[in-house]
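Shown here: structure37.pdb, PDB, N, CA and C atoms.
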ATOM      1  N   MET A 790      49.887  17.248   7.080
ATOM      2  CA  MET A 790      49.405  16.778   5.797
ATOM      3  C   MET A 790      50.596  16.687   4.853
ATOM      4  N   LYS A 791      50.681  15.565   4.177
ATOM      5  CA  LYS A 791      51.824  15.396   3.294
ATOM      6  C   LYS A 791      51.609  16.123   1.973
ATOM      7  N   GLU A 792      52.692  16.595   1.429
ATOM      8  CA  GLU A 792      52.643  17.317   0.164
ATOM      9  C   GLU A 792      52.688  16.318  -0.983
ATOM     10  N   ILE A 793      51.787  16.483  -1.938
ATOM     11  CA  ILE A 793      51.725  15.591  -3.095
ATOM     12  C   ILE A 793      52.122  16.385  -4.329
ATOM     13  N   GLN A 794      53.067  15.849  -5.070
ATOM     14  CA  GLN A 794      53.495  16.490  -6.304
ATOM     15  C   GLN A 794      52.867  15.730  -7.463
ATOM     16  N   LEU A 795      51.726  16.228  -7.903
ATOM     17  CA  LEU A 795      50.942  15.544  -8.924
ATOM     18  C   LEU A 795      51.681  15.410 -10.247
ATOM     19  N   GLU A 796      52.482  16.402 -10.592
ATOM     20  CA  GLU A 796      53.183  16.373 -11.889
ATOM     21  C   GLU A 796      54.218  15.259 -11.976
ATOM     22  N   LYS A 797      54.655  14.739 -10.842
ATOM     23  CA  LYS A 797      55.651  13.667 -10.840
ATOM     24  C   LYS A 797      55.017  12.277 -10.783
ATOM     25  N   MET A 798      53.692  12.220 -10.650
ATOM     26  CA  MET A 798      53.004  10.942 -10.512
ATOM     27  C   MET A 798      52.599  10.385 -11.876
ATOM     28  N   SER A 799      52.623   9.043 -11.963
ATOM     29  CA  SER A 799      52.184   8.383 -13.196
ATOM     30  C   SER A 799      50.656   8.393 -13.252
ATOM     31  N   VAL A 800      50.115   8.061 -14.405
ATOM     32  CA  VAL A 800      48.666   7.998 -14.570
ATOM     33  C   VAL A 800      48.083   6.970 -13.607
ATOM     34  N   ARG A 801      48.730   5.837 -13.483
ATOM     35  CA  ARG A 801      48.255   4.780 -12.593
ATOM     36  C   ARG A 801      48.242   5.265 -11.137
ATOM     37  N   GLU A 802      49.283   5.992 -10.733
ATOM     38  CA  GLU A 802      49.340   6.529  -9.370
ATOM     39  C   GLU A 802      48.253   7.579  -9.154
ATOM     40  N   LEU A 803      48.015   8.409 -10.175
ATOM     41  CA  LEU A 803      46.958   9.420 -10.065
ATOM     42  C   LEU A 803      45.587   8.773  -9.949
ATOM     43  N   GLU A 804      45.360   7.702 -10.719
ATOM     44  CA  GLU A 804      44.083   6.995 -10.646
ATOM     45  C   GLU A 804      43.892   6.357  -9.273
ATOM     46  N   ALA A 805      44.954   5.803  -8.717
ATOM     47  CA  ALA A 805      44.885   5.211  -7.378
ATOM     48  C   ALA A 805      44.592   6.293  -6.336
ATOM     49  N   LEU A 806      45.222   7.452  -6.519
ATOM     50  CA  LEU A 806      44.981   8.576  -5.612
ATOM     51  C   LEU A 806      43.527   9.047  -5.718
ATOM     52  N   GLU A 807      43.014   9.071  -6.937
ATOM     53  CA  GLU A 807      41.624   9.482  -7.144
ATOM     54  C   GLU A 807      40.668   8.540  -6.397
ATOM     55  N   ILE A 808      40.903   7.248  -6.493
ATOM     56  CA  ILE A 808      40.070   6.264  -5.802
ATOM     57  C   ILE A 808      40.178   6.451  -4.286
ATOM     58  N   GLU A 809      41.398   6.678  -3.822
ATOM     59  CA  GLU A 809      41.618   6.898  -2.392
ATOM     60  C   GLU A 809      40.870   8.146  -1.907
ATOM     61  N   LEU A 810      40.896   9.201  -2.728
ATOM     62  CA  LEU A 810      40.190  10.434  -2.377
ATOM     63  C   LEU A 810      38.675  10.220  -2.351
ATOM     64  N   GLN A 811      38.152   9.504  -3.340
ATOM     65  CA  GLN A 811      36.717   9.229  -3.382
ATOM     66  C   GLN A 811      36.275   8.431  -2.159
ATOM     67  N   ASP A 812      37.089   7.448  -1.766
ATOM     68  CA  ASP A 812      36.780   6.653  -0.573
ATOM     69  C   ASP A 812      36.811   7.521   0.683
ATOM     70  N   ALA A 813      37.804   8.404   0.770
ATOM     71  CA  ALA A 813      37.927   9.281   1.934
ATOM     72  C   ALA A 813      36.746  10.254   2.000
ATOM     73  N   ILE A 814      36.332  10.774   0.865
ATOM     74  CA  ILE A 814      35.193  11.697   0.814
ATOM     75  C   ILE A 814      33.913  10.980   1.227
ATOM     76  N   ALA A 815      33.706   9.766   0.700
ATOM     77  CA  ALA A 815      32.510   8.994   1.049
ATOM     78  C   ALA A 815      32.474   8.684   2.547
ATOM     79  N   ALA A 816      33.605   8.307   3.108
ATOM     80  CA  ALA A 816      33.676   8.010   4.543
ATOM     81  C   ALA A 816      33.389   9.259   5.366
ATOM     82  N   ARG A 817      33.941  10.392   4.967
ATOM     83  CA  ARG A 817      33.721  11.657   5.681
ATOM     84  C   ARG A 817      32.256  12.048   5.636
ATOM     85  N   LYS A 818      31.610  11.857   4.465
ATOM     86  CA  LYS A 818      30.187  12.182   4.344
ATOM     87  C   LYS A 818      29.340  11.324   5.271
ATOM     88  N   LEU A 819      29.678  10.040   5.391
ATOM     89  CA  LEU A 819      28.936   9.161   6.292
ATOM     90  C   LEU A 819      29.070   9.614   7.735
ATOM     91  N   VAL A 820      30.267   9.985   8.127
ATOM     92  CA  VAL A 820      30.505  10.450   9.498
ATOM     93  C   VAL A 820      29.727  11.737   9.755
ATOM     94  N   GLU A 821      29.792  12.671   8.811
ATOM     95  CA  GLU A 821      29.087  13.944   8.977
ATOM     96  C   GLU A 821      27.574  13.722   9.037
ATOM     97  N   LYS A 822      27.070  12.821   8.202
ATOM     98  CA  LYS A 822      25.641  12.520   8.197
ATOM     99  C   LYS A 822      25.216  11.937   9.545
ATOM    100  N   ALA A 823      26.008  11.026  10.086
ATOM    101  CA  ALA A 823      25.704  10.434  11.389
ATOM    102  C   ALA A 823      25.726  11.498  12.486
ATOM    103  N   GLU A 824      26.691  12.411  12.424
ATOM    104  CA  GLU A 824      26.781  13.480  13.419
ATOM    105  C   GLU A 824      25.561  14.392  13.355
ATOM    106  N   ILE A 825      25.117  14.703  12.146
ATOM    107  CA  ILE A 825      23.938  15.560  11.976
ATOM    108  C   ILE A 825      22.700  14.857  12.515
ATOM    109  N   LYS A 826      22.568  13.552  12.235
ATOM    110  CA  LYS A 826      21.430  12.795  12.754
ATOM    111  C   LYS A 826      21.410  12.833  14.280
ATOM    112  N   GLU A 827      22.571  12.643  14.902
ATOM    113  CA  GLU A 827      22.661  12.676  16.363
ATOM    114  C   GLU A 827      22.270  14.046  16.906
ATOM    115  N   LYS A 828      22.744  15.107  16.258
ATOM    116  CA  LYS A 828      22.417  16.456  16.708
ATOM    117  C   LYS A 828      20.923  16.734  16.584
ATOM    118  N   LEU A 829      20.320  16.309  15.458
ATOM    119  CA  LEU A 829      18.887  16.526  15.260
ATOM    120  C   LEU A 829      18.065  15.741  16.286
ATOM    121  N   ALA A 830      18.464  14.501  16.546
ATOM    122  CA  ALA A 830      17.749  13.680  17.522
ATOM    123  C   ALA A 830      17.842  14.304  18.907
ATOM    124  N   ALA A 831      19.026  14.792  19.270
ATOM    125  CA  ALA A 831      19.209  15.426  20.577
ATOM    126  C   ALA A 831      18.383  16.707  20.683
ATOM    127  N   LEU A 832      18.368  17.504  19.625
ATOM    128  CA  LEU A 832      17.594  18.749  19.622
ATOM    129  C   LEU A 832      16.100  18.449  19.716
ATOM    130  N   ALA A 833      15.641  17.452  18.975
ATOM    131  CA  ALA A 833      14.230  17.072  19.024
ATOM    132  C   ALA A 833      13.858  16.611  20.427
ATOM    133  N   GLU A 834      14.695  15.734  21.004
ATOM    134  CA  GLU A 834      14.425  15.198  22.335
ATOM    135  C   GLU A 834      14.426  16.312  23.387
ATOM    136  N   LYS A 835      15.360  17.231  23.262
ATOM    137  CA  LYS A 835      15.461  18.353  24.195
ATOM    138  C   LYS A 835      14.179  19.193  24.192
ATOM    139  N   ASN A 836      13.517  19.254  23.035
ATOM    140  CA  ASN A 836      12.305  20.051  22.897
ATOM    141  C   ASN A 836      11.022  19.225  22.974
ATOM    142  N   GLY A 837      11.150  17.971  23.420
ATOM    143  CA  GLY A 837       9.972  17.161  23.671
ATOM    144  C   GLY A 837       9.395  16.437  22.466
ATOM    145  N   PHE A 838      10.190  16.240  21.433
ATOM    146  CA  PHE A 838       9.731  15.549  20.231
ATOM    147  C   PHE A 838      10.584  14.319  19.974
ATOM    148  N   SER A 839      10.030  13.401  19.201
ATOM    149  CA  SER A 839      10.841  12.306  18.681
ATOM    150  C   SER A 839      11.103  12.605  17.209
ATOM    151  N   VAL A 840      12.140  12.024  16.656
ATOM    152  CA  VAL A 840      12.448  12.226  15.244
ATOM    153  C   VAL A 840      11.300  11.693  14.393
ATOM    154  N   ASP A 841      10.731  10.538  14.788
ATOM    155  CA  ASP A 841       9.598   9.974  14.055
ATOM    156  C   ASP A 841       8.407  10.924  14.064
ATOM    157  N   GLU A 842       8.198  11.576  15.183
ATOM    158  CA  GLU A 842       7.078  12.506  15.299
ATOM    159  C   GLU A 842       7.256  13.693  14.357
ATOM    160  N   LEU A 843       8.485  14.140  14.195
ATOM    161  CA  LEU A 843       8.749  15.295  13.337
ATOM    162  C   LEU A 843       8.786  14.944  11.851
ATOM    163  N   PHE A 844       9.373  13.806  11.529
ATOM    164  CA  PHE A 844       9.597  13.476  10.127
ATOM    165  C   PHE A 844       8.816  12.267   9.637
ATOM    166  N   GLY A 845       8.110  11.578  10.515
ATOM    167  CA  GLY A 845       7.356  10.392  10.123
ATOM    168  C   GLY A 845       8.251   9.168  10.097
ATOM    169  N   LYS A 846       7.634   8.012  10.239
ATOM    170  CA  LYS A 846       8.378   6.765  10.203
ATOM    171  C   LYS A 846       8.543   6.334   8.759
ATOM    172  N   THR A 847       9.644   5.690   8.478
ATOM    173  CA  THR A 847       9.864   5.195   7.128
ATOM    174  C   THR A 847       9.963   3.687   7.149
ATOM    175  N   ARG A 848       9.563   3.073   6.059
ATOM    176  CA  ARG A 848       9.693   1.627   5.906
ATOM    177  C   ARG A 848       9.855   1.330   4.433
ATOM    178  N   ARG A 849      10.346   0.139   4.137
ATOM    179  CA  ARG A 849      10.537  -0.264   2.747
ATOM    180  C   ARG A 849       9.446  -1.245   2.366
ATOM    181  N   ASN A 850       8.936  -1.090   1.142
ATOM    182  CA  ASN A 850       7.942  -2.043   0.670
ATOM    183  C   ASN A 850       8.649  -3.203  -0.029
ATOM    184  N   ALA A 851       7.890  -4.106  -0.613
ATOM    185  CA  ALA A 851       8.459  -5.297  -1.246
ATOM    186  C   ALA A 851       9.433  -4.940  -2.376
ATOM    187  N   ALA A 852       9.189  -3.827  -3.043
ATOM    188  CA  ALA A 852      10.070  -3.414  -4.138
ATOM    189  C   ALA A 852      11.341  -2.740  -3.632
ATOM    190  N   GLY A 853      11.418  -2.497  -2.329
ATOM    191  CA  GLY A 853      12.614  -1.889  -1.751
ATOM    192  C   GLY A 853      12.579  -0.381  -1.707
ATOM    193  N   THR A 854      11.469   0.225  -2.147
ATOM    194  CA  THR A 854      11.402   1.683  -2.104
ATOM    195  C   THR A 854      10.925   2.136  -0.730
ATOM    196  N   VAL A 855      11.351   3.310  -0.328
ATOM    197  CA  VAL A 855      11.022   3.834   0.994
ATOM    198  C   VAL A 855       9.593   4.369   0.977
ATOM    199  N   LYS A 856       8.832   3.988   1.993
ATOM    200  CA  LYS A 856       7.489   4.514   2.169
ATOM    201  C   LYS A 856       7.487   5.307   3.473
ATOM    202  N   VAL A 857       6.871   6.443   3.458
ATOM    203  CA  VAL A 857       6.795   7.285   4.642
ATOM    204  C   VAL A 857       5.406   7.133   5.252
ATOM    205  N   LYS A 858       5.368   6.897   6.550
ATOM    206  CA  LYS A 858       4.085   6.794   7.242
ATOM    207  C   LYS A 858       3.457   8.178   7.280
ATOM    208  N   VAL A 859       2.229   8.263   6.807
ATOM    209  CA  VAL A 859       1.527   9.538   6.717
ATOM    210  C   VAL A 859       0.844   9.832   8.053
ATOM    211  N   ALA A 860       0.912  11.068   8.468
ATOM    212  CA  ALA A 860       0.287  11.478   9.726
ATOM    213  C   ALA A 860      -1.229  11.430   9.604
ATOM    214  N   ALA A 861      -1.889  11.140  10.709
ATOM    215  CA  ALA A 861      -3.343  11.104  10.737
ATOM    216  C   ALA A 861      -3.904  12.497  10.470
ATOM    217  N   LYS A 862      -5.010  12.539   9.742
ATOM    218  CA  LYS A 862      -5.643  13.800   9.394
ATOM    219  C   LYS A 862      -6.991  13.957  10.109
ATOM    220  N   TYR A 863      -7.649  12.828  10.395
ATOM    221  CA  TYR A 863      -8.965  12.836  11.035
ATOM    222  C   TYR A 863      -8.942  11.981  12.305
ATOM    223  N   ARG A 864      -9.737  12.396  13.315
ATOM    224  CA  ARG A 864      -9.818  11.652  14.571
ATOM    225  C   ARG A 864     -11.292  11.456  14.933
ATOM    226  N   ASN A 865     -11.606  10.249  15.409
ATOM    227  CA  ASN A 865     -12.953   9.923  15.848
ATOM    228  C   ASN A 865     -13.224  10.670  17.152
ATOM    229  N   PRO A 866     -14.271  11.492  17.206
ATOM    230  CA  PRO A 866     -14.544  12.247  18.433
ATOM    231  C   PRO A 866     -14.976  11.357  19.603
ATOM    232  N   GLN A 867     -15.507  10.149  19.307
ATOM    233  CA  GLN A 867     -15.943   9.251  20.379
ATOM    234  C   GLN A 867     -14.832   8.327  20.860
ATOM    235  N   ASN A 868     -13.779   8.167  20.045
ATOM    236  CA  ASN A 868     -12.653   7.305  20.424
ATOM    237  C   ASN A 868     -11.389   7.907  19.808
ATOM    238  N   SER A 869     -10.630   8.636  20.596
ATOM    239  CA  SER A 869      -9.469   9.366  20.072
ATOM    240  C   SER A 869      -8.366   8.449  19.547
ATOM    241  N   ALA A 870      -8.429   7.163  19.862
ATOM    242  CA  ALA A 870      -7.431   6.223  19.351
ATOM    243  C   ALA A 870      -7.678   5.892  17.878
ATOM    244  N   GLU A 871      -8.881   6.146  17.392
ATOM    245  CA  GLU A 871      -9.219   5.863  16.003
ATOM    246  C   GLU A 871      -8.950   7.093  15.153
ATOM    247  N   THR A 872      -8.019   6.930  14.217
ATOM    248  CA  THR A 872      -7.658   8.026  13.324
ATOM    249  C   THR A 872      -7.670   7.530  11.881
ATOM    250  N   TRP A 873      -7.582   8.483  10.960
ATOM    251  CA  TRP A 873      -7.539   8.163   9.536
ATOM    252  C   TRP A 873      -6.698   9.214   8.841
ATOM    253  N   THR A 874      -5.882   8.783   7.885
ATOM    254  CA  THR A 874      -5.009   9.705   7.152
ATOM    255  C   THR A 874      -5.729  10.447   6.044
ATOM    256  N   GLY A 875      -6.902   9.967   5.667
ATOM    257  CA  GLY A 875      -7.615  10.562   4.542
ATOM    258  C   GLY A 875      -7.291   9.837   3.251
ATOM    259  N   ARG A 876      -6.470   8.798   3.356
ATOM    260  CA  ARG A 876      -6.085   7.996   2.195
ATOM    261  C   ARG A 876      -6.693   6.599   2.325
ATOM    262  N   GLY A 877      -6.911   5.986   1.202
ATOM    263  CA  GLY A 877      -7.417   4.620   1.228
ATOM    264  C   GLY A 877      -8.885   4.563   1.613
ATOM    265  N   ARG A 878      -9.324   3.382   1.966
ATOM    266  CA  ARG A 878     -10.721   3.152   2.309
ATOM    267  C   ARG A 878     -11.104   3.925   3.570
ATOM    268  N   MET A 879     -12.262   4.559   3.515
ATOM    269  CA  MET A 879     -12.758   5.339   4.636
ATOM    270  C   MET A 879     -13.132   4.391   5.784
ATOM    271  N   PRO A 880     -12.666   4.651   7.001
ATOM    272  CA  PRO A 880     -13.019   3.782   8.126
ATOM    273  C   PRO A 880     -14.520   3.849   8.426
ATOM    274  N   LEU A 881     -15.004   2.794   9.035
ATOM    275  CA  LEU A 881     -16.433   2.681   9.327
ATOM    276  C   LEU A 881     -16.923   3.819  10.213
ATOM    277  N   TRP A 882     -16.114   4.220  11.193
ATOM    278  CA  TRP A 882     -16.565   5.263  12.110
ATOM    279  C   TRP A 882     -16.845   6.576  11.385
ATOM    280  N   ILE A 883     -15.990   6.975  10.438
ATOM    281  CA  ILE A 883     -16.216   8.240   9.734
ATOM    282  C   ILE A 883     -17.295   8.081   8.668
ATOM    283  N   LYS A 884     -17.370   6.904   8.065
ATOM    284  CA  LYS A 884     -18.416   6.656   7.071
ATOM    285  C   LYS A 884     -19.784   6.741   7.722
ATOM    286  N   THR A 885     -19.933   6.116   8.890
ATOM    287  CA  THR A 885     -21.205   6.140   9.610
ATOM    288  C   THR A 885     -21.598   7.569   9.963
ATOM    289  N   LEU A 886     -20.650   8.338  10.470
ATOM    290  CA  LEU A 886     -20.943   9.721  10.883
ATOM    291  C   LEU A 886     -21.267  10.621   9.692
ATOM    292  N   THR A 887     -20.537  10.456   8.579
ATOM    293  CA  THR A 887     -20.815  11.284   7.397
ATOM    294  C   THR A 887     -22.127  10.868   6.734
ATOM    295  N   ASP A 888     -22.466   9.594   6.799
ATOM    296  CA  ASP A 888     -23.755   9.143   6.266
ATOM    297  C   ASP A 888     -24.924   9.748   7.045
ATOM    298  N   LYS A 889     -24.694  10.068   8.307
ATOM    299  CA  LYS A 889     -25.723  10.688   9.153
ATOM    300  C   LYS A 889     -25.771  12.201   8.961
ATOM    301  N   GLY A 890     -24.916  12.724   8.074
ATOM    302  CA  GLY A 890     -24.960  14.151   7.754
ATOM    303  C   GLY A 890     -23.815  14.978   8.299
ATOM    304  N   ALA A 891     -22.924  14.387   9.062
ATOM    305  CA  ALA A 891     -21.794  15.144   9.614
ATOM    306  C   ALA A 891     -20.799  15.472   8.496
ATOM    307  N   LYS A 892     -20.176  16.615   8.578
ATOM    308  CA  LYS A 892     -19.161  17.022   7.603
ATOM    309  C   LYS A 892     -17.821  16.439   8.033
ATOM    310  N   ARG A 893     -17.078  15.939   7.062
ATOM    311  CA  ARG A 893     -15.766  15.326   7.328
ATOM    312  C   ARG A 893     -14.830  16.331   8.006
ATOM    313  N   GLU A 894     -14.920  17.613   7.630
ATOM    314  CA  GLU A 894     -14.040  18.645   8.174
ATOM    315  C   GLU A 894     -14.151  18.757   9.696
ATOM    316  N   LYS A 895     -15.303  18.333  10.236
ATOM    317  CA  LYS A 895     -15.538  18.398  11.678
ATOM    318  C   LYS A 895     -14.557  17.525  12.451
ATOM    319  N   PHE A 896     -13.991  16.494  11.773
ATOM    320  CA  PHE A 896     -13.129  15.529  12.438
ATOM    321  C   PHE A 896     -11.643  15.779  12.169
ATOM    322  N   LEU A 897     -11.323  16.883  11.514
ATOM    323  CA  LEU A 897      -9.922  17.207  11.229
ATOM    324  C   LEU A 897      -9.141  17.376  12.516
ATOM    325  N   ILE A 898      -7.929  16.873  12.505
ATOM    326  CA  ILE A 898      -7.015  17.063  13.649
ATOM    327  C   ILE A 898      -6.348  18.408  13.467
ATOM    328  N   LYS A 899      -6.448  19.249  14.467
ATOM    329  CA  LYS A 899      -5.891  20.603  14.350
ATOM    330  C   LYS A 899      -4.565  20.711  15.022
TER     331      LYS A 899
END

What does this structure look like when you write it as structure tokens?
Amino acid sequence: MKEIQLEKMSVRELEALEIELQDAIAARKLVEKAEIKEKLAALAEKNGFSVDELFGKTRRNAAGTVKVKVAAKYRNPQNSAETWTGRGRMPLWIKTLTDKGAKREKFLIK
């Protein structure tokens, strides 16, 4: 590592050094973040999980903000492929069952 004598540098040189340092820090953070992502993915896979399964899938809406896919909270006992997060409009299968007197809690995914 080269020795830098800050007291001998001009203001312009110090400002250039500051920009260089900020760029180096940003690049290092990106590398470290990528390494952490790889380690987490490997650890998840080693233990039988996917990263999406652990943290949910993300997507961007029209405004560009990140939306996280919410995990299902309820499952249809007659068709396990039919699930509901508990948000938005109630699906027909759960509406029909609750209208017949069934409690919503009965369909919670445990």

For Lys899 of chain A, the nearest of the candidates A:Lys835, A:Lys826, A:Tyr863, A:Met798, counting all atoms listed in the file | A:Tyr863

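Picture a line from atom CA of Glu809 of chain A to atom CA of Glu796 of chain A; it runs 17.7 Å.
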
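When DSSP is run on the backbone, the residues of segment 809-875 of chain A that fall into strand (DSSP E) are Thr847, Arg848, Arg849, Val855, Lys856, Val857, Tyr863, Arg864, Thr872 and Trp873 of chain A.
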
Each side padded by 5 Å, which centre and which edge lengths in Å (one decimal) define the axis-aligned box around the listed atoms of segment 858-862 of chain A? Give them as JSON.
{"center_x": -0.8, "center_y": 10.4, "center_z": 8.6, "size_x": 22.4, "size_y": 17.2, "size_z": 14.2}

If you count all atoms listed in the file, which residues fall within 8 Å of segment 866-877 of chain A, apart from same-chain ones fewer than 5 positions away, as a compact mmCIF listing (two decimals) with N, CA and C atoms, in the coordinates of the input?
# COMPACT_ATOMS: atom_id res chain seq x y z
N VAL A 859 2.23 8.26 6.81
CA VAL A 859 1.53 9.54 6.72
C VAL A 859 0.84 9.83 8.05
N ALA A 860 0.91 11.07 8.47
CA ALA A 860 0.29 11.48 9.73
C ALA A 860 -1.23 11.43 9.60
N ALA A 861 -1.89 11.14 10.71
CA ALA A 861 -3.34 11.10 10.74
C ALA A 861 -3.90 12.50 10.47
N LYS A 895 -15.30 18.33 10.24
CA LYS A 895 -15.54 18.40 11.68
C LYS A 895 -14.56 17.52 12.45
N PHE A 896 -13.99 16.49 11.77
CA PHE A 896 -13.13 15.53 12.44
C PHE A 896 -11.64 15.78 12.17

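Between Val840 of chain A and the candidates A:Ala852, A:Glu827, A:Val800, A:Ile808, the tightest atom-to-atom separation, counting only C-alpha atoms, involves A:Glu827.
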
Nearest to Ile883 of chain A, chosen from A:Arg864, A:Glu802, A:Lys858, A:Lys822, with all atoms listed in the file counted in the distances = A:Arg864

Could you pull out the helix (DSSP H, G or I) residues of chain A from DSSP and send them as a PyMOL selection string?
-> chain A and resi 795-797+800-835+840-844+881-888+893-896

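Interatomic distance, atom CA of Thr887 of chain A against atom CA of Asn865 of chain A: 11.6 Å.
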
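Here atom N of Leu806 of chain A stands at a distance of 12.3 Å from atom CA of Gln794 of chain A.
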